[in-house]
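target-v7.txt, holding compact mmCIF, C-alpha atoms and all ligand atoms:
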```txt
# COMPACT_ATOMS: atom_id res chain seq x y z
CA MET A 13 103.37 93.44 76.31
CA LYS A 14 102.47 93.48 79.94
CA GLY A 15 104.71 94.60 82.77
CA GLN A 16 104.58 93.73 86.43
CA PHE A 17 103.43 96.01 89.22
CA ILE A 18 105.30 95.73 92.54
CA ALA A 19 104.41 97.75 95.64
CA VAL A 20 106.52 98.08 98.77
CA GLU A 21 104.57 98.86 101.91
CA GLY A 22 105.29 99.42 105.57
CA LEU A 23 105.34 101.91 108.41
CA GLY A 24 107.74 104.86 108.36
CA GLY A 25 111.26 103.69 109.20
CA SER A 26 110.61 100.15 107.97
CA GLY A 27 113.37 100.54 105.33
CA LYS A 28 111.32 100.82 102.12
CA THR A 29 113.81 103.18 100.48
CA SER A 30 116.81 100.91 100.88
CA VAL A 31 114.81 97.88 99.69
CA LEU A 32 113.63 99.84 96.64
CA ASP A 33 117.21 101.01 95.91
CA ARG A 34 118.41 97.40 95.89
CA MET A 35 115.47 96.23 93.80
CA GLU A 36 116.31 98.92 91.25
CA ALA A 37 119.94 97.80 91.13
CA GLN A 38 118.81 94.18 90.64
CA LEU A 39 116.51 95.10 87.74
CA GLN A 40 119.26 97.15 86.11
CA GLN A 41 121.68 94.25 86.43
CA ALA A 42 119.13 91.88 84.88
CA ASN A 43 118.48 94.38 82.09
CA VAL A 44 114.77 94.49 82.84
CA PRO A 45 113.04 97.79 81.98
CA TYR A 46 111.45 99.43 85.00
CA ILE A 47 110.28 102.67 86.52
CA ARG A 48 110.13 103.72 90.15
CA THR A 49 107.37 105.87 91.55
CA ARG A 50 105.86 106.67 94.93
CA GLU A 51 102.56 107.39 96.60
CA PRO A 52 101.32 109.89 97.22
CA GLY A 53 103.20 111.37 94.28
CA GLY A 54 104.64 110.41 90.92
CA THR A 55 103.21 113.27 88.85
CA PHE A 56 103.31 117.06 89.22
CA ALA A 57 99.72 117.17 90.50
CA ALA A 58 100.11 114.12 92.75
CA GLU A 59 103.31 115.56 94.31
CA TYR A 60 101.34 118.72 95.09
CA LEU A 61 98.67 116.59 96.77
CA ARG A 62 101.45 114.72 98.64
CA LYS A 63 102.34 117.82 100.63
CA LEU A 64 98.70 118.29 101.56
CA CYS A 65 98.31 114.61 102.50
CA ARG A 66 101.44 114.45 104.66
CA GLU A 67 101.39 117.86 106.32
CA GLY A 68 97.68 118.64 106.37
CA ILE A 69 96.15 122.02 105.53
CA PRO A 70 98.15 124.91 107.05
CA ASP A 71 96.31 126.79 109.83
CA ASN A 72 93.30 124.47 109.55
CA PRO A 73 91.59 124.84 112.93
CA GLY A 74 89.94 121.41 112.70
CA LYS A 75 91.15 117.90 111.93
CA LEU A 76 90.39 116.47 108.50
CA ASP A 77 87.88 113.65 108.47
CA PRO A 78 89.56 110.27 107.73
CA MET A 79 87.32 109.96 104.66
CA THR A 80 88.58 113.33 103.34
CA VAL A 81 92.15 112.15 103.84
CA ALA A 82 91.41 108.84 102.12
CA LEU A 83 89.88 110.67 99.16
CA LEU A 84 92.95 112.92 98.87
CA PHE A 85 95.25 109.88 98.73
CA ASN A 86 92.96 108.30 96.13
CA ALA A 87 92.98 111.53 94.09
CA ALA A 88 96.78 111.47 93.99
CA ARG A 89 96.63 107.74 93.14
CA ALA A 90 94.31 108.34 90.18
CA GLU A 91 96.88 110.73 88.69
CA ASN A 92 99.78 108.36 89.24
CA ILE A 93 97.91 105.38 87.78
CA LYS A 94 96.78 107.27 84.67
CA ASP A 95 99.99 109.13 83.83
CA VAL A 96 102.76 106.91 85.17
CA ILE A 97 101.85 103.38 86.28
CA LYS A 98 99.52 102.16 83.53
CA PRO A 99 101.59 103.61 80.64
CA ALA A 100 104.71 101.90 82.04
CA LEU A 101 102.91 98.55 82.44
CA GLN A 102 101.51 98.85 78.92
CA ALA A 103 105.06 99.49 77.68
CA GLY A 104 106.09 96.18 79.31
CA LYS A 105 108.02 97.61 82.23
CA VAL A 106 108.24 96.63 85.87
CA VAL A 107 106.73 99.34 88.08
CA LEU A 108 108.26 99.73 91.54
CA CYS A 109 105.93 101.74 93.74
CA ASP A 110 106.81 103.07 97.19
CA ARG A 111 103.39 102.51 98.82
CA PHE A 112 100.05 101.96 97.09
CA CYS A 113 96.49 101.12 98.12
CA ASP A 114 97.41 99.03 101.18
CA SER A 115 98.72 102.22 102.82
CA THR A 116 95.25 103.72 102.50
CA PHE A 117 93.62 100.52 103.74
CA ALA A 118 95.96 100.46 106.77
CA PHE A 119 96.36 104.14 107.69
CA GLN A 120 92.87 105.43 106.82
CA GLN A 121 91.00 102.40 108.16
CA GLU A 122 89.01 104.64 110.52
CA ALA A 123 87.04 105.55 107.37
CA GLY A 124 85.94 101.88 107.13
CA LEU A 125 87.76 99.15 105.23
CA LYS A 126 84.72 98.24 103.13
CA GLN A 127 84.20 101.88 102.15
CA LEU A 128 87.89 102.25 101.30
CA LEU A 129 87.77 99.18 99.10
CA ASN A 130 84.63 100.49 97.39
CA ILE A 131 86.33 103.84 96.78
CA HIS A 132 89.32 102.04 95.29
CA LEU A 133 87.09 99.97 92.99
CA ALA A 134 85.05 103.02 91.94
CA ALA A 135 88.12 105.21 91.31
CA HIS A 136 90.66 102.73 89.93
CA GLY A 137 88.67 99.60 89.08
CA ASP A 138 90.08 96.18 89.86
CA PHE A 139 93.63 97.51 89.57
CA PHE A 140 96.00 96.22 92.24
CA PRO A 141 99.71 95.38 92.43
CA ASP A 142 100.77 91.95 91.13
CA LEU A 143 103.12 91.64 94.10
CA THR A 144 103.26 93.55 97.39
CA PHE A 145 106.12 93.37 99.89
CA LEU A 146 105.02 94.37 103.37
CA LEU A 147 107.97 95.38 105.56
CA ASP A 148 106.69 94.48 108.99
CA GLY A 149 108.07 95.14 112.46
CA ASP A 150 107.70 96.86 115.80
CA PRO A 151 106.98 100.58 115.24
CA ALA A 152 109.14 101.43 118.28
CA ILE A 153 112.16 99.96 116.45
CA PHE A 154 111.25 101.73 113.20
CA GLN A 155 110.76 105.11 114.87
CA LYS A 156 114.38 105.10 116.04
CA ARG A 157 115.40 105.08 112.37
CA ILE A 158 113.45 108.27 111.51
CA THR A 159 115.13 111.67 111.89
CA PRO A 160 113.26 114.40 113.83
CA GLU A 161 113.12 116.49 110.61
CA GLU A 162 111.40 113.67 108.72
CA MET A 163 109.05 113.10 111.62
CA ALA A 164 108.01 116.78 111.70
CA ARG A 165 107.19 116.67 107.98
CA ASP A 166 104.86 113.69 108.21
CA GLN A 167 101.76 113.57 110.39
CA PHE A 168 101.59 109.77 110.00
CA ASP A 169 105.22 109.11 111.03
CA SER A 170 104.65 111.13 114.20
CA MET A 171 101.48 109.25 115.16
CA ALA A 172 101.19 108.01 118.76
CA MET A 173 102.58 104.53 119.37
CA ASP A 174 99.14 102.93 119.88
CA LYS A 175 98.01 104.25 116.49
CA LEU A 176 101.20 103.00 114.85
CA ASN A 177 100.59 99.58 116.40
CA THR A 178 97.04 99.63 115.01
CA ALA A 179 98.36 100.56 111.56
CA ARG A 180 100.87 97.70 111.79
CA LEU A 181 98.11 95.24 112.67
CA ASN A 182 95.96 96.60 109.83
CA PHE A 183 98.81 96.03 107.36
CA VAL A 184 99.41 92.47 108.56
CA ASN A 185 95.70 91.67 108.39
CA LEU A 186 95.58 92.87 104.78
CA THR A 187 98.18 90.25 103.87
CA LYS A 188 96.53 87.59 106.01
CA TYR A 189 92.99 88.05 104.74
CA ARG A 190 94.05 88.94 101.18
CA ILE A 191 92.11 92.10 100.48
CA HIS A 192 92.99 91.76 96.80
CA ASP A 193 94.14 89.00 94.44
CA GLY A 194 97.78 90.12 94.09
CA SER A 195 100.49 88.18 95.94
CA TYR A 196 101.80 89.38 99.29
CA VAL A 197 105.18 88.74 100.87
CA LEU A 198 105.36 89.51 104.59
CA VAL A 199 108.93 90.58 105.38
CA ASN A 200 110.48 90.81 108.86
CA ALA A 201 112.01 94.29 108.64
CA GLU A 202 113.41 94.47 112.18
CA VAL A 203 116.63 92.77 111.03
CA ASN A 204 119.55 94.36 109.13
CA GLN A 205 119.30 95.54 105.52
CA ASP A 206 120.99 92.44 104.03
CA GLN A 207 118.64 90.15 105.95
CA VAL A 208 115.61 92.18 104.88
CA TYR A 209 116.65 92.11 101.23
CA ALA A 210 117.27 88.34 101.39
CA GLN A 211 113.53 87.95 102.10
CA VAL A 212 112.61 90.19 99.15
CA LEU A 213 114.93 88.65 96.59
CA PRO A 214 113.05 85.38 95.80
CA GLY A 215 109.86 87.32 94.92
CA LEU A 216 111.78 89.82 92.84
CA MET A 217 113.65 87.04 91.03
CA SER A 218 110.35 85.39 90.09
CA VAL A 219 109.25 88.71 88.53
CA ILE A 220 112.58 88.99 86.69
CA ASP A 221 112.15 85.41 85.38
CA PHE A 222 108.61 86.23 84.26
CA MET A 223 109.82 89.35 82.45
CA LYS A 224 112.62 87.45 80.69
CA LYS A 225 110.32 84.64 79.53
CA ARG A 226 107.32 86.71 78.48
CA PRO A 227 106.61 87.11 74.77
CA LYS A 228 108.05 90.34 73.38
CA THR A 229 104.88 91.24 71.45
CA GLY A 230 101.15 91.24 72.25
CA VAL A 231 99.56 92.00 75.61
P1 LIG A 301 106.32 108.31 102.83
O1 LIG A 301 106.03 107.76 101.49
O2 LIG A 301 107.48 109.21 102.85
O3 LIG A 301 106.35 107.26 103.88
O4 LIG A 301 105.12 109.32 103.21
C1 LIG A 301 103.81 109.08 102.94
C2 LIG A 301 103.01 109.20 104.21
O5 LIG A 301 101.63 109.15 103.88
C3 LIG A 301 103.26 108.06 105.17
O6 LIG A 301 103.28 108.53 106.50
C4 LIG A 301 102.06 107.16 105.01
C5 LIG A 301 100.98 108.07 104.54
N1 LIG A 301 100.03 107.46 103.61
C6 LIG A 301 98.72 107.25 104.02
O7 LIG A 301 98.37 107.54 105.16
N2 LIG A 301 97.84 106.71 103.11
C7 LIG A 301 98.19 106.39 101.82
O8 LIG A 301 97.37 105.92 101.04
C8 LIG A 301 99.56 106.62 101.42
C9 LIG A 301 99.98 106.26 100.02
C10 LIG A 301 100.44 107.15 102.34
```
Translate the structure of the given file into structure tokens.
Ligand code: TMP
Amino acid sequence: MKGQFIAVEGLGGSGKTSVLDRMEAQLQQANVPYIRTREPGGTFAAEYLRKLCREGIPDNPGKLDPMTVALLFNAARAENIKDVIKPALQAGKVVLCDRFCDSTFAFQQEAGLKQLLNIHLAAHGDFFPDLTFLLDGDPAIFQKRITPEEMARDQFDSMAMDKLNTARLNFVNLTKYRIHDGSYVLVNAEVNQDQVYAQVLPGLMSVIDFMKKRPKTGV
């Protein structure tokens, strides 16, 4: 039995959480087995690394090299893949993941896209989401949706506007130039939640159809 791996990507404030909540409700309604996880995170060790990734090292006098940061995210990812994502897929479940490798490719691109892809292949092999929704929009609009408390907790959410615009462009280019073989859906996330979800639903329904039709035994 093989499940389906869905990632939801986007800048902070793009509305990933509400999209994921609705996707969960849809899967429950359709009686499709699923799990929800997030990156960085998903396991005890990866959640520990999450704090380090988002907040940096306390009292560190210098700035971490983008490659160091990329390796930390990949370390957390290795844990999540091994303990959470792959077991769920092997058990025939849908995996909903709040962020995955495209976040590294977009946010840590200063480390070099080719190098980041090579790190991914070395650490996780040719393992990519089957379907990725990218919630795209103007970072200035998204930032208004983030509370100051959230912003203070996340060094990426509080990035300068030019860096957020670069990250946005990086994300869009990943979908345009297809960095991996999985499908991408580019979603306009500047509109209201119902309108955003309407763009997600067709892709999710095709996964639900696939899950309903797939043979119940064998891989
Ligand atoms: P979030 O999941 O609450 O948005 O927090 C995760 C933060 O970490 C977010 O600002 C994006 C950033 N991030 C990266 O920079 N690279 C990555 O590979 C991942 C998964 C997240």
Expected answer as a ChimeraX atom specification: residues within 8 Å of ligand LIG 301 (chain A), all atoms listed in the file: /A:23-24,50-52,62,65-66,81-82,85-86,89,110-120,166-169
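Excluding A:Met217 itself and same-chain residues fewer than 3 positions from it, the residues having an atom within 10 Å of it are A:Met35, A:Gln38, A:Leu39, A:Ala42, A:Val212, A:Leu213, A:Pro214, A:Ile220, A:Asp221, A:Phe222, A:Met223, counting all atoms listed in the file.
The residue that comes closest to A:Val203, out of A:Leu125, A:Ile153, A:Leu216, A:Ala179 and on the basis of all atoms listed in the file, is A:Ile153.
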Exercise on stretch 23-30 of chain A, axis-aligned box with 5 Å per side, report centre and edge lengths in Å to one decimal, as JSON:
```
{"center_x": 111.1, "center_y": 102.5, "center_z": 104.8, "size_x": 21.5, "size_y": 14.7, "size_z": 18.7}
```
Nearest to A:Leu101, chosen from A:Arg180, A:Asp150, A:Met163, A:Ile18, with only C-alpha atoms counted in the distances: A:Ile18
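Shortest separation to A:Lys28 among A:Leu146, A:Ala57, A:Ala88, A:Leu129 occurs at residue A:Leu146, atoms counted being all atoms listed in the file.
Using only C-alpha atoms, the smallest distance between any of A:Ile158, A:Leu198, A:Ile97, A:Leu181 and A:Gly27 comes from A:Ile158.
Separating atom CA of A:Val197 from atom CA of A:Val44 is a distance of 21.2 Å.
Of the residues listed (A:Asp174, A:Asp138, A:Glu162, A:Glu21), A:Glu162 shows the shortest atom-to-atom separation from A:Glu67; distances use all atoms listed in the file.
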Will you model N, CA, C and O atoms for stretch 59-76 of chain A and pass it back as a tab-separated table (two decimals), in the coordinates of the input?
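Heads up, here's the output in part_7.tsv:
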```tsv
chain	number	residue	atom	x	y	z
A	59	GLU	N	102.30	115.08	93.35
A	59	GLU	CA	103.31	115.56	94.31
A	59	GLU	C	102.77	116.76	95.08
A	59	GLU	O	103.06	116.94	96.25
A	60	TYR	N	101.97	117.58	94.42
A	60	TYR	CA	101.34	118.72	95.09
A	60	TYR	C	100.39	118.19	96.18
A	60	TYR	O	100.38	118.68	97.31
A	61	LEU	N	99.59	117.19	95.80
A	61	LEU	CA	98.67	116.59	96.77
A	61	LEU	C	99.43	115.91	97.91
A	61	LEU	O	98.94	115.86	99.04
A	62	ARG	N	100.64	115.40	97.62
A	62	ARG	CA	101.45	114.72	98.64
A	62	ARG	C	101.70	115.63	99.85
A	62	ARG	O	101.58	115.22	100.99
A	63	LYS	N	102.04	116.87	99.55
A	63	LYS	CA	102.34	117.82	100.63
A	63	LYS	C	101.10	118.00	101.53
A	63	LYS	O	101.18	117.97	102.75
A	64	LEU	N	99.98	118.12	100.85
A	64	LEU	CA	98.70	118.29	101.56
A	64	LEU	C	98.39	117.05	102.41
A	64	LEU	O	97.97	117.15	103.56
A	65	CYS	N	98.61	115.88	101.80
A	65	CYS	CA	98.31	114.61	102.50
A	65	CYS	C	99.19	114.44	103.72
A	65	CYS	O	98.74	114.01	104.78
A	66	ARG	N	100.49	114.74	103.57
A	66	ARG	CA	101.44	114.45	104.66
A	66	ARG	C	101.43	115.51	105.75
A	66	ARG	O	101.61	115.22	106.91
A	67	GLU	N	101.25	116.77	105.34
A	67	GLU	CA	101.39	117.86	106.32
A	67	GLU	C	100.06	118.42	106.77
A	67	GLU	O	100.01	119.19	107.71
A	68	GLY	N	98.99	118.08	106.05
A	68	GLY	CA	97.68	118.64	106.37
A	68	GLY	C	97.54	120.04	105.79
A	68	GLY	O	98.45	120.56	105.12
A	69	ILE	N	96.40	120.68	106.06
A	69	ILE	CA	96.15	122.02	105.53
A	69	ILE	C	96.67	123.06	106.54
A	69	ILE	O	96.29	123.01	107.71
A	70	PRO	N	97.58	123.96	106.10
A	70	PRO	CA	98.15	124.91	107.05
A	70	PRO	C	97.06	125.74	107.73
A	70	PRO	O	96.10	126.16	107.08
A	71	ASP	N	97.22	125.95	109.02
A	71	ASP	CA	96.31	126.79	109.83
A	71	ASP	C	94.87	126.26	109.91
A	71	ASP	O	93.97	126.99	110.33
A	72	ASN	N	94.66	125.03	109.46
A	72	ASN	CA	93.30	124.47	109.55
A	72	ASN	C	92.95	124.30	111.04
A	72	ASN	O	93.63	123.55	111.75
A	73	PRO	N	91.90	124.94	111.50
A	73	PRO	CA	91.59	124.84	112.93
A	73	PRO	C	91.06	123.46	113.33
A	73	PRO	O	91.17	123.05	114.48
A	74	GLY	N	90.50	122.73	112.36
A	74	GLY	CA	89.94	121.41	112.70
A	74	GLY	C	90.83	120.30	112.19
A	74	GLY	O	91.88	120.54	111.59
A	75	LYS	N	90.41	119.05	112.42
A	75	LYS	CA	91.15	117.90	111.93
A	75	LYS	C	90.39	117.36	110.72
A	75	LYS	O	89.15	117.33	110.75
A	76	LEU	N	91.10	116.99	109.68
A	76	LEU	CA	90.39	116.47	108.50
A	76	LEU	C	89.75	115.13	108.84
A	76	LEU	O	90.33	114.30	109.54
```
